Amino acid sequence: MEWCVSMPKVELHAHLNGSIRDSTLLDLTEGLIGTGVIDISEVEHIIKKYNRSVAEVFKLFDLIHILTTDHNTVTRITKEVWLLGCHVVEDFASDNVVYLELRTTPKRNDSAGMSKRSYVEAVLKGLRSITSVDVDFIPHCADSKSLFTPLPGIGHVRKRIYVRLLLSIDRRETAEAAMETVKLALEMKPFGVIGIDLSGHPCIGDWTTYLPALKFAREQGLYVTLHCGEVPNSKEIKNMLDFRPQRIGHACHLEDEHWRQLKSSKIPVEICLTSNIRTLTIRSIHVHHFELYTKIYPGIHLKNIFSEPDDLVDAGDLYKAKHPIVLCTDDSGVFSTSLSKEYKFAADSFGRFHFTFAASNLN
Ligand code: 5GP
C-alpha cells in the first residue's frame with residue numbers, strides 16, 4: 001500500500017458531495033433534528049449502510065442535497081470537507097494527490113435564496129478558507145515546477161495540491177438549467193472552473209436534452225466529460241461516443257461496436273473500480289473492463305465467462321489495449337475509498353502494471 005500512497009497521483013473523477021464522510025453527514029443530519037426538514041430515523045440506516053446499490057446511492061445523494069440547501073451549509077460542507085469533517089482535500093493531499101479535479105452540481109434553492117451562482121461562490125469560499133494545505137485553484141498563476149517540491153515547514157512538510165472544478169449537469173435538470181450551468185462555468189473560468197460533467201441517475205432523463213448546452217460548452221472552450229454506459233443503453237452510448245467528449249466516466253456496459261469505437265477514438269476513460277463493484281454496476285472485478293482476464297485467477301478460462309470468446313478482441317480490456325485510462329475514486333465518502341486504495345485494488349486484482357495518465361489532457 002505504501003508505494004500507492006507515496007506515488008504522486010492525479011484524481012480526475014471526484015464528486016464533491018460524494019466525498020463527504022458518513023460521520024459528517026450524520027453530524028449535519030443531527031443538526032436538522034426538530035426542524036421538520038428530515039426524520040433522522042428514516043435516513044440513519046442509509047447513511048450507515050456499507051454496501052449500497054445504485055438506487056440506494058442516489059437515495060443518499062437526495063439526502064445530501066437536502067442537507068446542502070443553504071449557503072452556510074454549502075460553505076461549511078466545502079470547508080469542513082477540507083478542514084474539519086471530511087478533510088477531502090487534505091485527504092487527497094496526504095494521499096499524495098497533486099492534481100485534483102473536483103466536480104459538483106450547482107444547485108438552486110429559491111426558498112433558501114440560493115442560486116447556482118451563489119452555490120458555486122460558496123464552494124469557492126470553502127476552497128479559499130483552507131489553511132492546512134497549500135491549494136492552488138486559480139489557473140495560470142502557479143509555478144508548475146514547484147508542484148513536486150515540498151515546502152519546508154516547522155517539523156513537517158506542507159502539502160501542495162492543484163484543484164480545478166468541473167460543474168456538473170444533473171440528468172434531472174431541464175435544458176435551460178443545463179445552459180445556465182454552462183454559462184456559469186464560463187464566468188467562473190478565472191476561478192478554476194475548467195469544464196462540464198454530465199452525471200446524475202443514469203436511468204433518468206434523456207442526455208440529448210443537454211446536447212445544446214454541451215455543444216455550447218465545447219464551442220466556448222470548456223472541456224466536457226460524460227458519465228457514459230453506467231447502465232446498458234446502446235443508443236445513448238453510441239451517441240455519446242459520437243459526440244467525442246474529452247473524457248468519459250465508467251464505461252461499464254459498452255457493446256462490441258462501442259468498444260471498437262471507443263478504442264479508435266482514444267477517448268480517455270475515468271475508471272472507478274470500487275464504485276463499480278460496490279454498486280454492482282460490474283458484477284465482479286474479474287470481469288472489469290480495466291482488464292478482463294485477471295492474473296490472480298489464472299485457472300479461469302475466458303470461455304467460462306464469455307459465451308463468444310472470439311469477440312474478445314472487441315471487448316473492454318482497456319489496459320491491455322493501451323487505451324488511455326485513469327483510476328479515480330468517484331465518491332470517496334460514499335464508497336469509503338481513497339485514490340491509493342484504488343491503485344492497490346487495481347494492482348492486487350490485475351497484477352503489476354504501469355500507469356499512464358493520458359487523461360491529463362483536461363489540464
Ligand atoms: P454533487 O454534484 O452534489 O457535488 O455530488 C453528488 C452528485 O454527483 C449526485 O447527486 C449525482 O448527481 C452525481 N454522482 C455522484 N456519483 C455518481 C455516479 O457514480 N454516477 C452518476 N451518474 N452520478 C453520480
# chains A, B, ... in the order shown; residues from 1 in each chain; ligands from 1
>>> residues_around(residues="A:Ser332", least_positions_apart="4", cutoff="10 Å", atoms="only C-alpha atoms", output="list in words")
Ala14, His15, Leu16, Asn17, Gly18, Ser19, Ile20, Arg21, Cys86, Val88, Asp91, Phe92, Thr274, Ser275, Cys328, Ser336, Thr337, Ser338 and Leu339 of chain A
>>> residues_near_ligand(ligand="ligand 1", cutoff="9 Å", atoms="only C-alpha atoms and all ligand atoms", output="mmCIF file with C-alpha atoms, in the first residue's frame")
data_model
loop_
_atom_site.group_PDB
_atom_site.id
_atom_site.type_symbol
_atom_site.label_atom_id
_atom_site.label_comp_id
_atom_site.auth_asym_id
_atom_site.auth_seq_id
_atom_site.Cartn_x
_atom_site.Cartn_y
_atom_site.Cartn_z
ATOM 1 C CA ALA A 14 -14.395 13.027 -7.709
ATOM 2 C CA HIS A 15 -17.876 14.348 -6.856
ATOM 3 C CA LEU A 16 -17.737 16.950 -4.082
ATOM 4 C CA ASN A 17 -20.844 15.823 -2.236
ATOM 5 C CA GLY A 18 -19.933 12.170 -2.760
ATOM 6 C CA SER A 19 -16.703 12.865 -0.905
ATOM 7 C CA VAL A 54 -27.144 2.241 -7.319
ATOM 8 C CA VAL A 57 -26.550 5.583 -3.576
ATOM 9 C CA PHE A 58 -28.854 8.002 -5.355
ATOM 10 C CA LYS A 59 -31.208 7.999 -2.351
ATOM 11 C CA LEU A 60 -28.203 9.051 -0.297
ATOM 12 C CA PHE A 61 -27.446 11.831 -2.789
ATOM 13 C CA ASP A 62 -31.038 13.057 -2.417
ATOM 14 C CA ILE A 64 -27.131 15.069 0.815
ATOM 15 C CA HIS A 65 -28.876 17.610 -1.372
ATOM 16 C CA THR A 68 -26.867 21.358 1.407
ATOM 17 C CA LEU A 102 -13.484 18.157 -8.151
ATOM 18 C CA ARG A 103 -16.901 18.161 -9.763
ATOM 19 C CA THR A 104 -20.128 19.438 -8.286
ATOM 20 C CA THR A 105 -23.679 20.218 -9.400
ATOM 21 C CA PRO A 106 -24.604 23.880 -8.861
ATOM 22 C CA LYS A 107 -27.941 23.774 -7.034
ATOM 23 C CA LEU A 167 -19.589 21.922 -12.925
ATOM 24 C CA SER A 168 -21.996 19.010 -13.249
ATOM 25 C CA ILE A 169 -25.318 18.879 -15.037
ATOM 26 C CA ASP A 170 -27.732 16.530 -13.265
ATOM 27 C CA ARG A 171 -29.825 14.328 -15.569
ATOM 28 C CA ARG A 172 -32.947 15.532 -13.762
ATOM 29 C CA LEU A 198 -22.940 15.187 -17.165
ATOM 30 C CA SER A 199 -23.949 12.962 -14.241
ATOM 31 C CA GLY A 200 -26.947 12.029 -12.112
ATOM 32 C CA HIS A 201 -29.064 8.890 -12.049
ATOM 33 C CA PRO A 202 -28.219 7.063 -15.271
ATOM 34 C CA CYS A 203 -31.760 5.737 -15.721
ATOM 35 C CA LEU A 226 -19.814 12.421 -19.658
ATOM 36 C CA HIS A 227 -20.942 9.607 -17.386
ATOM 37 C CA CYS A 228 -21.338 7.021 -20.096
ATOM 38 C CA GLU A 230 -23.189 3.012 -16.354
ATOM 39 C CA GLY A 249 -16.604 8.149 -16.860
ATOM 40 C CA HIS A 250 -17.270 4.477 -16.014
ATOM 41 C CA CYS A 272 -13.885 3.882 -10.761
ATOM 42 C CA SER A 275 -17.733 2.359 -7.160
ATOM 43 C CA ASN A 276 -18.489 -0.087 -9.980
ATOM 44 C CA THR A 279 -22.952 -0.556 -6.794
ATOM 45 C CA ASP A 330 -15.811 8.715 -7.835
ATOM 46 C CA ASP A 331 -17.303 9.209 -4.349
ATOM 47 C CA VAL A 334 -19.924 7.206 -0.145
#
>>> atom_distance(atom1="atom CA of A:Lys344", atom2="atom CA of A:Lys320")
18.2 Å
>>> closest_residue(among="A:Met179, A:Val10, A:Ile138, A:Leu127", to="A:Ala217", atoms="only C-alpha atoms")
A:Met179
>>> select_by_dssp(residues="stretch 37-241 of chain A", states="alpha helix (DSSP H)", output="ChimeraX atom specification")
/A:40-48,54-67,71-82,88-94,116-128,175-187,211-219,234-241
>>> closest_residue(among="A:Phe350, A:Phe335, A:Phe137, A:Tyr210", to="A:Tyr99", atoms="only C-alpha atoms")
A:Phe137
>>> atom_distance(atom1="atom CA of A:Val163", atom2="atom CA of A:Val193")
9.4 Å
>>> residues_around(residues="stretch 182-189 of chain A", least_positions_apart="5", cutoff="12 Å", atoms="only C-alpha atoms", output="PyMOL selection string")
chain A and resi 103-107+115-121+123-124+137-140+164-169+175-177+194-198+210-224
>>> write_last_selection(atoms="N, CA and C atoms", output="compact mmCIF listing (two decimals), in the first residue's frame")
# COMPACT_ATOMS: atom_id res chain seq x y z
N ARG A 103 -15.71 17.76 -9.00
CA ARG A 103 -16.90 18.16 -9.76
C ARG A 103 -18.08 18.32 -8.81
N THR A 104 -18.94 19.27 -9.12
CA THR A 104 -20.13 19.44 -8.29
C THR A 104 -21.26 20.05 -9.09
N THR A 105 -22.50 19.73 -8.70
CA THR A 105 -23.68 20.22 -9.40
C THR A 105 -24.15 21.51 -8.75
N PRO A 106 -24.06 22.64 -9.44
CA PRO A 106 -24.60 23.88 -8.86
C PRO A 106 -26.10 23.71 -8.63
N LYS A 107 -26.54 24.03 -7.39
CA LYS A 107 -27.94 23.77 -7.03
C LYS A 107 -28.65 25.08 -6.76
N SER A 115 -28.89 30.49 -5.46
CA SER A 115 -28.87 30.32 -6.92
C SER A 115 -27.68 29.42 -7.27
N LYS A 116 -27.63 28.99 -8.51
CA LYS A 116 -26.49 28.18 -8.94
C LYS A 116 -25.19 28.96 -8.71
N ARG A 117 -25.27 30.25 -9.02
CA ARG A 117 -24.07 31.07 -8.86
C ARG A 117 -23.62 31.13 -7.40
N SER A 118 -24.59 31.39 -6.48
CA SER A 118 -24.17 31.52 -5.08
C SER A 118 -23.72 30.17 -4.52
N TYR A 119 -24.24 29.08 -5.09
CA TYR A 119 -23.75 27.75 -4.68
C TYR A 119 -22.26 27.64 -5.02
N VAL A 120 -21.92 28.00 -6.26
CA VAL A 120 -20.50 27.88 -6.68
C VAL A 120 -19.64 28.85 -5.88
N GLU A 121 -20.18 30.05 -5.62
CA GLU A 121 -19.40 31.01 -4.81
C GLU A 121 -19.14 30.45 -3.42
N VAL A 123 -18.90 27.29 -2.67
CA VAL A 123 -17.86 26.26 -2.81
C VAL A 123 -16.48 26.92 -2.86
N LEU A 124 -16.38 28.00 -3.65
CA LEU A 124 -15.08 28.69 -3.78
C LEU A 124 -14.65 29.28 -2.43
N PHE A 137 -6.05 27.01 -6.82
CA PHE A 137 -7.24 26.77 -7.64
C PHE A 137 -7.46 27.85 -8.69
N ILE A 138 -6.51 28.80 -8.82
CA ILE A 138 -6.60 29.80 -9.89
C ILE A 138 -5.61 29.38 -10.98
N PRO A 139 -6.09 29.14 -12.19
CA PRO A 139 -5.18 28.68 -13.25
C PRO A 139 -4.15 29.75 -13.63
N HIS A 140 -3.09 29.31 -14.24
CA HIS A 140 -2.06 30.15 -14.86
C HIS A 140 -1.31 31.04 -13.86
N ARG A 164 -8.92 21.94 -9.56
CA ARG A 164 -9.75 22.55 -10.60
C ARG A 164 -11.18 22.04 -10.44
N LEU A 165 -12.13 22.86 -10.90
CA LEU A 165 -13.54 22.48 -10.73
C LEU A 165 -14.19 22.15 -12.06
N LEU A 166 -15.04 21.14 -12.02
CA LEU A 166 -15.94 20.86 -13.15
C LEU A 166 -17.35 21.09 -12.60
N LEU A 167 -18.20 21.77 -13.36
CA LEU A 167 -19.59 21.92 -12.93
C LEU A 167 -20.42 20.82 -13.58
N SER A 168 -21.21 20.15 -12.75
CA SER A 168 -22.00 19.01 -13.25
C SER A 168 -23.40 19.43 -13.63
N ILE A 169 -23.89 18.79 -14.68
CA ILE A 169 -25.32 18.88 -15.04
C ILE A 169 -25.95 17.58 -14.55
N ALA A 175 -33.19 21.60 -19.93
CA ALA A 175 -32.19 22.10 -20.87
C ALA A 175 -31.75 23.51 -20.47
N GLU A 176 -32.71 24.30 -19.98
CA GLU A 176 -32.40 25.69 -19.60
C GLU A 176 -31.45 25.72 -18.39
N ALA A 177 -31.74 24.86 -17.42
CA ALA A 177 -30.89 24.81 -16.23
C ALA A 177 -29.47 24.38 -16.61
N ILE A 194 -12.97 24.53 -15.13
CA ILE A 194 -12.38 24.21 -16.44
C ILE A 194 -13.29 23.37 -17.33
N GLY A 195 -14.39 22.88 -16.79
CA GLY A 195 -15.19 22.02 -17.66
C GLY A 195 -16.56 21.69 -17.10
N ILE A 196 -17.24 20.84 -17.87
CA ILE A 196 -18.61 20.44 -17.58
C ILE A 196 -18.68 18.92 -17.53
N ASP A 197 -19.47 18.44 -16.58
CA ASP A 197 -19.69 16.99 -16.43
C ASP A 197 -21.18 16.72 -16.55
N LEU A 198 -21.53 15.61 -17.18
CA LEU A 198 -22.94 15.19 -17.16
C LEU A 198 -23.03 13.96 -16.27
N TYR A 210 -29.48 17.73 -23.11
CA TYR A 210 -28.36 18.60 -22.73
C TYR A 210 -27.39 18.89 -23.87
N LEU A 211 -27.71 18.29 -25.05
CA LEU A 211 -26.78 18.48 -26.18
C LEU A 211 -26.52 19.94 -26.52
N PRO A 212 -27.57 20.79 -26.60
CA PRO A 212 -27.28 22.20 -26.92
C PRO A 212 -26.32 22.82 -25.91
N ALA A 213 -26.53 22.56 -24.63
CA ALA A 213 -25.66 23.12 -23.59
C ALA A 213 -24.25 22.54 -23.71
N LEU A 214 -24.16 21.24 -23.95
CA LEU A 214 -22.84 20.60 -24.04
C LEU A 214 -22.07 21.08 -25.27
N LYS A 215 -22.81 21.23 -26.37
CA LYS A 215 -22.16 21.74 -27.60
C LYS A 215 -21.66 23.16 -27.38
N PHE A 216 -22.51 23.96 -26.74
CA PHE A 216 -22.13 25.36 -26.47
C PHE A 216 -20.88 25.39 -25.58
N ALA A 217 -20.87 24.53 -24.57
CA ALA A 217 -19.71 24.47 -23.66
C ALA A 217 -18.44 24.19 -24.46
N ARG A 218 -18.54 23.23 -25.36
CA ARG A 218 -17.35 22.85 -26.13
C ARG A 218 -16.92 23.98 -27.06
N GLU A 219 -17.91 24.61 -27.71
CA GLU A 219 -17.58 25.73 -28.61
C GLU A 219 -16.86 26.85 -27.87
N GLN A 220 -17.24 27.01 -26.60
CA GLN A 220 -16.67 28.11 -25.81
C GLN A 220 -15.37 27.71 -25.10
N GLY A 221 -14.88 26.53 -25.40
CA GLY A 221 -13.57 26.14 -24.88
C GLY A 221 -13.60 25.45 -23.52
N LEU A 222 -14.78 25.02 -23.08
CA LEU A 222 -14.83 24.24 -21.84
C LEU A 222 -14.65 22.76 -22.19
N TYR A 223 -14.00 22.02 -21.32
CA TYR A 223 -13.86 20.58 -21.53
C TYR A 223 -15.15 19.89 -21.09
N VAL A 224 -15.44 18.76 -21.73
CA VAL A 224 -16.68 18.05 -21.39
C VAL A 224 -16.36 16.59 -21.08
>>> residues_around(residues="A:Met7", least_positions_apart="6", cutoff="12 Å", atoms="only C-alpha atoms", output="PyMOL selection string")
chain A and resi 1+93-98+148+339-340+343-344+355
>>> closest_residue(among="A:Ile267, A:Ser349, A:Ile66, A:Glu2", to="A:Ala112", atoms="only C-alpha atoms")
A:Ile66
>>> atom_distance(atom1="atom CA of A:Asp242", atom2="atom CA of A:His13")
21.5 Å
